[in-house]
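The file start-v1.txt contains compact mmCIF, C-alpha atoms:
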# COMPACT_ATOMS: atom_id res chain seq x y z
CA MET H 1 102.62 80.55 -78.42
CA ARG H 2 105.31 79.78 -81.00
CA LEU H 3 103.89 78.17 -84.14
CA LEU H 4 105.59 76.78 -87.23
CA PHE H 5 103.62 75.90 -90.36
CA LEU H 6 105.40 74.00 -93.15
CA GLY H 7 104.01 73.72 -96.68
CA ASP H 8 103.27 70.61 -98.73
CA ILE H 9 105.79 67.79 -98.29
CA VAL H 10 106.64 66.50 -101.79
CA GLY H 11 108.12 63.02 -102.08
CA ARG H 12 111.02 61.36 -100.34
CA THR H 13 113.37 64.35 -100.50
CA GLY H 14 110.78 66.55 -98.78
CA ARG H 15 110.07 63.89 -96.15
CA ASN H 16 113.75 63.42 -95.40
CA ALA H 17 114.28 67.16 -95.01
CA VAL H 18 111.42 67.38 -92.50
CA ILE H 19 112.49 64.31 -90.57
CA GLU H 20 116.11 65.44 -90.39
CA ARG H 21 115.62 69.14 -89.63
CA LEU H 22 112.39 69.48 -87.66
CA PRO H 23 113.60 68.05 -84.32
CA GLY H 24 116.43 70.58 -84.25
CA LEU H 25 114.12 73.46 -85.17
CA ARG H 26 111.66 72.53 -82.42
CA GLU H 27 114.46 72.67 -79.88
CA ALA H 28 116.29 75.74 -81.20
CA TRP H 29 113.15 77.85 -81.63
CA LYS H 30 111.35 76.43 -78.57
CA LEU H 31 108.30 75.70 -80.70
CA ASP H 32 104.97 75.02 -79.03
CA ALA H 33 103.28 73.56 -82.13
CA VAL H 34 104.14 72.46 -85.66
CA ILE H 35 101.56 71.97 -88.43
CA ILE H 36 102.59 70.44 -91.76
CA ASN H 37 100.71 69.80 -95.00
CA GLY H 38 101.49 66.21 -96.00
CA GLU H 39 99.23 65.54 -98.97
CA ASN H 40 102.08 64.97 -101.47
CA ALA H 41 104.40 63.05 -99.16
CA ALA H 42 103.87 59.57 -100.66
CA GLY H 43 105.60 59.71 -104.05
CA GLY H 44 103.99 63.09 -104.68
CA PHE H 45 100.41 61.82 -104.36
CA GLY H 46 98.69 61.32 -101.03
CA LEU H 47 99.89 60.05 -97.66
CA THR H 48 100.41 56.59 -96.18
CA GLU H 49 100.07 55.69 -92.51
CA ALA H 50 103.77 54.83 -92.23
CA ILE H 51 104.78 58.24 -93.60
CA PHE H 52 102.25 60.00 -91.38
CA ASP H 53 103.75 58.26 -88.35
CA GLU H 54 107.25 59.33 -89.42
CA VAL H 55 106.23 62.97 -89.79
CA VAL H 56 104.51 63.00 -86.39
CA ALA H 57 107.51 61.30 -84.77
CA SER H 58 109.77 64.02 -86.18
CA GLY H 59 107.77 66.70 -84.36
CA ALA H 60 104.55 67.52 -86.21
CA ASP H 61 101.53 68.08 -83.97
CA VAL H 62 99.00 68.12 -86.84
CA VAL H 63 99.23 67.02 -90.48
CA THR H 64 96.83 68.45 -93.07
CA LEU H 65 95.88 67.06 -96.48
CA GLY H 66 94.03 68.54 -99.51
CA ASN H 67 92.84 67.48 -102.95
CA HIS H 68 95.15 64.42 -102.83
CA SER H 69 93.75 63.30 -99.46
CA PHE H 70 92.71 59.87 -100.68
CA ASP H 71 95.14 59.17 -103.53
CA GLN H 72 96.55 56.42 -101.31
CA ARG H 73 93.58 54.14 -100.73
CA GLU H 74 94.73 53.18 -97.25
CA ALA H 75 94.02 56.77 -96.18
CA LEU H 76 90.29 55.99 -96.40
CA VAL H 77 90.81 53.71 -93.41
CA PHE H 78 93.69 55.00 -91.31
CA ILE H 79 92.46 58.62 -91.31
CA GLU H 80 89.66 57.48 -88.98
CA ARG H 81 92.15 56.40 -86.32
CA ALA H 82 94.48 59.40 -86.71
CA PRO H 83 92.90 62.36 -84.88
CA ARG H 84 95.86 64.62 -85.71
CA LEU H 85 95.41 64.10 -89.45
CA ILE H 86 92.77 66.29 -91.12
CA ARG H 87 91.34 66.67 -94.62
CA PRO H 88 89.32 69.66 -95.87
CA ALA H 89 86.26 70.37 -93.73
CA ASN H 90 84.15 71.09 -96.81
CA TYR H 91 84.33 67.57 -98.21
CA PRO H 92 80.77 66.19 -98.49
CA LYS H 93 79.07 64.72 -95.43
CA GLY H 94 80.08 61.09 -94.98
CA THR H 95 83.66 61.50 -96.25
CA PRO H 96 86.07 59.62 -93.94
CA GLY H 97 88.07 61.63 -91.47
CA ARG H 98 87.63 65.10 -90.01
CA GLY H 99 88.12 68.67 -91.16
CA ALA H 100 89.32 70.07 -87.84
CA THR H 101 91.11 68.85 -84.74
CA LEU H 102 91.63 70.28 -81.26
CA VAL H 103 95.02 69.32 -79.83
CA ASP H 104 96.22 69.53 -76.23
CA LEU H 105 99.81 70.76 -76.43
CA LYS H 106 102.66 70.00 -74.04
CA ASN H 107 102.59 73.61 -72.79
CA GLY H 108 99.05 73.08 -71.48
CA MET H 109 97.43 75.14 -74.22
CA ARG H 110 94.91 73.99 -76.82
CA LEU H 111 95.39 74.37 -80.57
CA LEU H 112 92.57 74.17 -83.11
CA VAL H 113 93.62 73.36 -86.68
CA VAL H 114 91.05 73.64 -89.49
CA GLN H 115 91.45 72.96 -93.20
CA VAL H 116 89.20 74.05 -96.04
CA MET H 117 89.67 73.60 -99.77
CA GLY H 118 88.97 76.28 -102.35
CA ARG H 119 86.55 75.82 -105.24
CA VAL H 120 88.11 78.10 -107.89
CA TYR H 121 89.94 75.85 -110.40
CA MET H 122 89.56 72.97 -107.92
CA ASP H 123 87.13 70.11 -107.35
CA ALA H 124 83.61 71.38 -106.62
CA LEU H 125 83.28 70.75 -102.88
CA ASP H 126 80.90 72.34 -100.38
CA ASP H 127 81.20 76.04 -99.52
CA PRO H 128 84.55 76.63 -97.75
CA PHE H 129 83.31 79.84 -96.11
CA ALA H 130 80.35 78.05 -94.51
CA ALA H 131 82.58 75.17 -93.40
CA LEU H 132 85.11 77.54 -91.86
CA GLU H 133 82.37 79.54 -90.13
CA ARG H 134 81.01 76.34 -88.63
CA GLU H 135 84.38 75.25 -87.21
CA LEU H 136 85.32 78.69 -85.86
CA ALA H 137 81.94 79.05 -84.18
CA ALA H 138 82.19 75.60 -82.59
CA CYS H 139 85.58 76.35 -80.99
CA PRO H 140 86.20 80.12 -80.76
CA LEU H 141 89.66 81.57 -80.36
CA GLY H 142 90.22 82.57 -76.75
CA LEU H 143 87.37 80.40 -75.47
CA GLY H 144 87.67 76.89 -76.89
CA ALA H 145 91.24 77.24 -78.15
CA ASP H 146 94.33 79.27 -77.26
CA ALA H 147 95.39 79.39 -80.92
CA VAL H 148 93.62 78.64 -84.21
CA VAL H 149 95.39 77.76 -87.46
CA VAL H 150 93.52 77.54 -90.78
CA ASP H 151 95.05 75.80 -93.81
CA VAL H 152 93.38 77.04 -97.00
CA HIS H 153 94.20 74.49 -99.70
CA ALA H 154 93.38 76.41 -102.86
CA GLU H 155 94.56 77.44 -106.31
CA ALA H 156 93.28 81.01 -106.54
CA THR H 157 95.06 83.69 -104.52
CA SER H 158 91.87 85.78 -104.47
CA GLU H 159 89.95 82.98 -102.75
CA LYS H 160 92.73 82.51 -100.19
CA GLN H 161 92.82 86.23 -99.43
CA ALA H 162 89.05 86.37 -99.08
CA LEU H 163 89.10 83.49 -96.60
CA GLY H 164 91.93 85.18 -94.70
CA HIS H 165 89.94 88.40 -94.27
CA PHE H 166 86.82 86.36 -93.49
CA ALA H 167 88.60 84.79 -90.51
CA ASP H 168 90.58 87.90 -89.49
CA GLY H 169 90.40 88.38 -85.73
CA ARG H 170 89.04 84.86 -85.24
CA ALA H 171 92.17 82.85 -86.11
CA SER H 172 95.82 83.11 -85.15
CA LEU H 173 96.95 82.15 -88.66
CA VAL H 174 95.33 81.64 -92.06
CA ILE H 175 97.82 80.19 -94.53
CA GLY H 176 97.50 78.90 -98.07
CA THR H 177 98.82 75.60 -99.42
CA HIS H 178 98.58 73.67 -102.72
CA THR H 179 100.53 75.77 -105.26
CA HIS H 180 103.97 74.76 -103.89
CA VAL H 181 105.41 78.25 -104.49
CA PRO H 182 106.03 80.48 -101.42
CA THR H 183 104.50 83.94 -101.66
CA SER H 184 105.99 87.12 -100.20
CA ASP H 185 102.75 88.62 -98.84
CA HIS H 186 103.12 87.42 -95.24
CA GLN H 187 101.49 89.97 -92.95
CA ILE H 188 99.36 90.46 -89.88
CA LEU H 189 95.89 91.50 -91.00
CA GLY H 190 93.96 94.40 -89.51
CA HIS H 191 92.30 92.42 -86.72
CA GLY H 192 95.38 90.40 -85.72
CA THR H 193 95.39 87.27 -87.87
CA ALA H 194 98.69 86.25 -89.48
CA TYR H 195 98.31 85.55 -93.20
CA MET H 196 100.31 84.20 -96.16
CA SER H 197 98.84 83.22 -99.54
CA ASP H 198 101.03 80.13 -99.92
CA ALA H 199 103.55 78.49 -97.62
CA GLY H 200 105.40 76.85 -100.51
CA MET H 201 106.56 73.26 -100.30
CA CYS H 202 109.06 71.06 -98.52
CA GLY H 203 110.69 69.68 -101.65
CA ASP H 204 113.25 70.17 -104.40
CA TYR H 205 112.73 73.55 -106.12
CA ASP H 206 114.90 72.53 -109.09
CA SER H 207 111.70 71.04 -110.46
CA VAL H 208 108.20 71.77 -111.69
CA LEU H 209 106.23 72.11 -108.44
CA GLY H 210 108.39 69.44 -106.86
CA MET H 211 108.20 67.00 -109.77
CA ASP H 212 111.09 65.96 -112.01
CA LYS H 213 111.15 68.53 -114.82
CA GLU H 214 111.25 66.38 -117.95
CA GLU H 215 107.74 64.92 -118.01
CA PRO H 216 105.88 68.18 -117.15
CA ILE H 217 107.85 70.03 -119.84
CA ARG H 218 107.10 67.30 -122.39
CA ARG H 219 103.38 67.42 -121.61
CA PHE H 220 103.27 71.20 -122.06
CA ILE H 221 104.97 70.86 -125.43
CA GLN H 222 103.28 67.75 -126.84
CA LYS H 223 99.90 67.76 -125.05
CA THR H 224 99.83 63.96 -124.95
CA PRO H 225 99.76 61.44 -122.08
CA GLY H 226 103.08 60.08 -120.99
CA LEU H 227 104.99 58.83 -118.00
CA ARG H 228 103.83 59.22 -114.42
CA PHE H 229 105.03 62.35 -112.66
CA GLU H 230 107.88 61.53 -110.25
CA PRO H 231 109.12 63.77 -107.41
CA ALA H 232 112.44 65.51 -107.99
CA THR H 233 115.26 64.13 -105.85
CA GLY H 234 117.59 67.09 -105.29
CA GLU H 235 118.10 68.86 -101.97
CA ALA H 236 114.83 70.08 -100.51
CA THR H 237 113.95 73.47 -99.09
CA LEU H 238 111.78 73.57 -95.98
CA SER H 239 109.26 76.33 -96.73
CA GLY H 240 106.71 77.78 -94.39
CA LEU H 241 105.88 80.45 -91.87
CA ALA H 242 106.82 81.18 -88.24
CA VAL H 243 104.23 82.91 -86.07
CA GLU H 244 104.24 84.01 -82.45
CA THR H 245 100.90 84.70 -80.80
CA ASP H 246 99.82 86.74 -77.80
CA ASP H 247 98.97 84.43 -74.88
CA ARG H 248 96.01 86.57 -73.87
CA THR H 249 94.23 86.98 -77.22
CA GLY H 250 95.71 84.18 -79.33
CA LEU H 251 96.26 86.65 -82.17
CA ALA H 252 99.55 87.09 -84.01
CA VAL H 253 102.22 89.51 -82.82
CA LYS H 254 105.23 88.31 -84.85
CA ILE H 255 105.52 86.68 -88.27
CA ALA H 256 108.39 85.63 -90.55
CA PRO H 257 108.87 83.36 -93.58
CA VAL H 258 110.90 80.18 -93.27
CA ARG H 259 113.10 78.81 -96.07
CA ILE H 260 115.86 76.42 -95.03
CA GLY H 261 118.14 74.38 -97.31
CA GLY H 262 117.98 73.79 -101.03
CA LYS H 263 118.02 76.40 -103.80
CA LEU H 264 115.83 79.23 -102.50
CA SER H 265 117.14 82.26 -100.63
CA GLN H 266 117.29 81.37 -96.96
CA ALA H 267 115.00 82.89 -94.34
CA GLU H 268 114.53 82.31 -90.62
CA PRO H 269 112.68 84.20 -87.87
CA ASP H 270 115.22 86.49 -86.20
CA PHE H 271 112.90 87.06 -83.22
CA TRP H 272 113.52 83.53 -81.95
CA LEU H 273 117.31 83.60 -82.26
CA GLU H 274 119.08 84.00 -78.95
Would you give me this structure, written as structure tokens?
Amino acid sequence: MRLLFLGDIVGRTGRNAVIERLPGLREAWKLDAVIINGENAAGGFGLTEAIFDEVVASGADVVTLGNHSFDQREALVFIERAPRLIRPANYPKGTPGRGATLVDLKNGMRLLVVQVMGRVYMDALDDPFAALERELAACPLGLGADAVVVDVHAEATSEKQALGHFADGRASLVIGTHTHVPTSDHQILGHGTAYMSDAGMCGDYDSVLGMDKEEPIRRFIQKTPGLRFEPATGEATLSGLAVETDDRTGLAVKIAPVRIGGKLSQAEPDFWLE
């Protein structure tokens, strides 16, 4: 199975890059599934139903969220009728939405996508390890699903790595989101799970984590409240990870970073180029 995971969409420039480029990538790379983190897509904070529909129409099979899941109040309602939109599975019981989804793909295979949120330097949610164990046990790789992707939305690299090793051999891919900066530690772990500490973002990197530079810089210098953060509007880079899995085991056999457009050095998977 050919999988593409794209990191956090930040603002209009990130949305436009996804909407414009993803259909061509799906065709050129013959992708079986695309998963995108969309929690910063609406002006940098949260996700609206209209934007979710746009991202899905452009070629996303599943959209994940994170600590900004409900910044847009309408998400409290529309997430219940959007089975391909998930928030962290370790939100408290009774939180709207779902933390995992099982998708029937056009190739006849089934994809499980799970999201958990870290607790180090983040909101104090339920145990992400217990939540991930529950979801992996309910739909095991190779039995309930042909591929399993885990989005770890977390601040601390150590926590992301621990969750990656925790799921090694039981997931096709464990990938970090939230910090908006792509890491260079992409690898296939010892038991066959593809891993990367952070996918980066789909946004303008001439910025502070996708936001226009002036207000974040001012706040660091003056330490006083000020204007609302606004997404930067320069050319976006699509950042993420390409993974190919073995059809028999569902584990990863090929992995490569993806960086397309914008200011970062460019990277594409050479194993899908014909």
Quick one: distance from CA of Val10 (chain H) to CA of Val181 (chain H) in Å, one decimal?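 A separation of 12.1 Å between them.
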Determine, counting all atoms listed in the file, which protein, DNA and RNA residues have an atom within 12 Å of an atom of Ala42 (chain H); residues of the same chain fewer than 2 positions away are not included. Present the result as an mmCIF file with C-alpha atoms, in the frame of the given file.
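Written output follows (around04.cif):
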data_model
loop_
_atom_site.group_PDB
_atom_site.id
_atom_site.type_symbol
_atom_site.label_atom_id
_atom_site.label_comp_id
_atom_site.auth_asym_id
_atom_site.auth_seq_id
_atom_site.Cartn_x
_atom_site.Cartn_y
_atom_site.Cartn_z
ATOM 1 C CA ASP H 8 103.270 70.610 -98.730
ATOM 2 C CA ILE H 9 105.790 67.790 -98.290
ATOM 3 C CA VAL H 10 106.640 66.500 -101.790
ATOM 4 C CA GLY H 11 108.120 63.020 -102.080
ATOM 5 C CA ARG H 12 111.020 61.360 -100.340
ATOM 6 C CA THR H 13 113.370 64.350 -100.500
ATOM 7 C CA GLY H 14 110.780 66.550 -98.780
ATOM 8 C CA ARG H 15 110.070 63.890 -96.150
ATOM 9 C CA ASN H 16 113.750 63.420 -95.400
ATOM 10 C CA GLY H 38 101.490 66.210 -96.000
ATOM 11 C CA GLU H 39 99.230 65.540 -98.970
ATOM 12 C CA ASN H 40 102.080 64.970 -101.470
ATOM 13 C CA GLY H 44 103.990 63.090 -104.680
ATOM 14 C CA PHE H 45 100.410 61.820 -104.360
ATOM 15 C CA GLY H 46 98.690 61.320 -101.030
ATOM 16 C CA LEU H 47 99.890 60.050 -97.660
ATOM 17 C CA THR H 48 100.410 56.590 -96.180
ATOM 18 C CA GLU H 49 100.070 55.690 -92.510
ATOM 19 C CA ALA H 50 103.770 54.830 -92.230
ATOM 20 C CA ILE H 51 104.780 58.240 -93.600
ATOM 21 C CA PHE H 52 102.250 60.000 -91.380
ATOM 22 C CA GLU H 54 107.250 59.330 -89.420
ATOM 23 C CA VAL H 55 106.230 62.970 -89.790
ATOM 24 C CA LEU H 65 95.880 67.060 -96.480
ATOM 25 C CA HIS H 68 95.150 64.420 -102.830
ATOM 26 C CA SER H 69 93.750 63.300 -99.460
ATOM 27 C CA PHE H 70 92.710 59.870 -100.680
ATOM 28 C CA ASP H 71 95.140 59.170 -103.530
ATOM 29 C CA GLN H 72 96.550 56.420 -101.310
ATOM 30 C CA ARG H 73 93.580 54.140 -100.730
ATOM 31 C CA GLU H 74 94.730 53.180 -97.250
ATOM 32 C CA ALA H 75 94.020 56.770 -96.180
ATOM 33 C CA GLU H 230 107.880 61.530 -110.250
ATOM 34 C CA PRO H 231 109.120 63.770 -107.410
#
Tell me which protein, DNA and RNA residues are within 9 Å of region 110-126 of chain H, counting all atoms listed in the file, leaving out same-chain ones fewer than 2 positions away, and put them as number ranges by chain. H: 33, 35, 62, 64-67, 86-92, 99-105, 107-108, 128-132, 135-136, 139, 141, 144-156, 159-160
Need the shell around region 241-247 of chain H: protein/DNA/RNA residues with any atom at most 10 Å away, counting all atoms listed in the file. Skip same-chain ones fewer than 5 positions apart. Format as a count of residues only? 42
Computed interatomic separation between CA of Phe166 (chain H) and CA of Lys93 (chain H) (Å): 23.1 Å
In Å, with one decimal, what is the gap from CA of Glu80 (chain H) to CA of Glu133 (chain H)?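 Computing it gives 23.3 Å between the two atoms.
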From H:Pro96, H:Gly190, H:Gly169, H:Gly59, residue lying nearest Leu76 (chain H) [only C-alpha atoms]: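 Going through H:Pro96, H:Gly190, H:Gly169, H:Gly59 one by one, the smallest distance to Leu76 (chain H) is for H:Pro96.
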Shell around Leu273 (chain H) at 12 Å using all atoms listed in the file, local window under 6 positions removed, as a JSON list (two decimals) with C-alpha atoms, keeping the file's coordinate frame:
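So the final result, stored in selection-v9.json, reads:
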[["chain", "number", "residue", "atom", "x", "y", "z"],
["H", 25, "LEU", "CA", 114.12, 73.46, -85.17],
["H", 27, "GLU", "CA", 114.46, 72.67, -79.88],
["H", 28, "ALA", "CA", 116.29, 75.74, -81.20],
["H", 29, "TRP", "CA", 113.15, 77.85, -81.63],
["H", 30, "LYS", "CA", 111.35, 76.43, -78.57]]
Would you mind telling me which residue in H:Gln222, H:Ser58, H:Ser207, H:Thr95 lies nearest to His180 (chain H) when using only C-alpha atoms?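 Looking at the shortest contact to His180 (chain H), the residue is H:Ser207.
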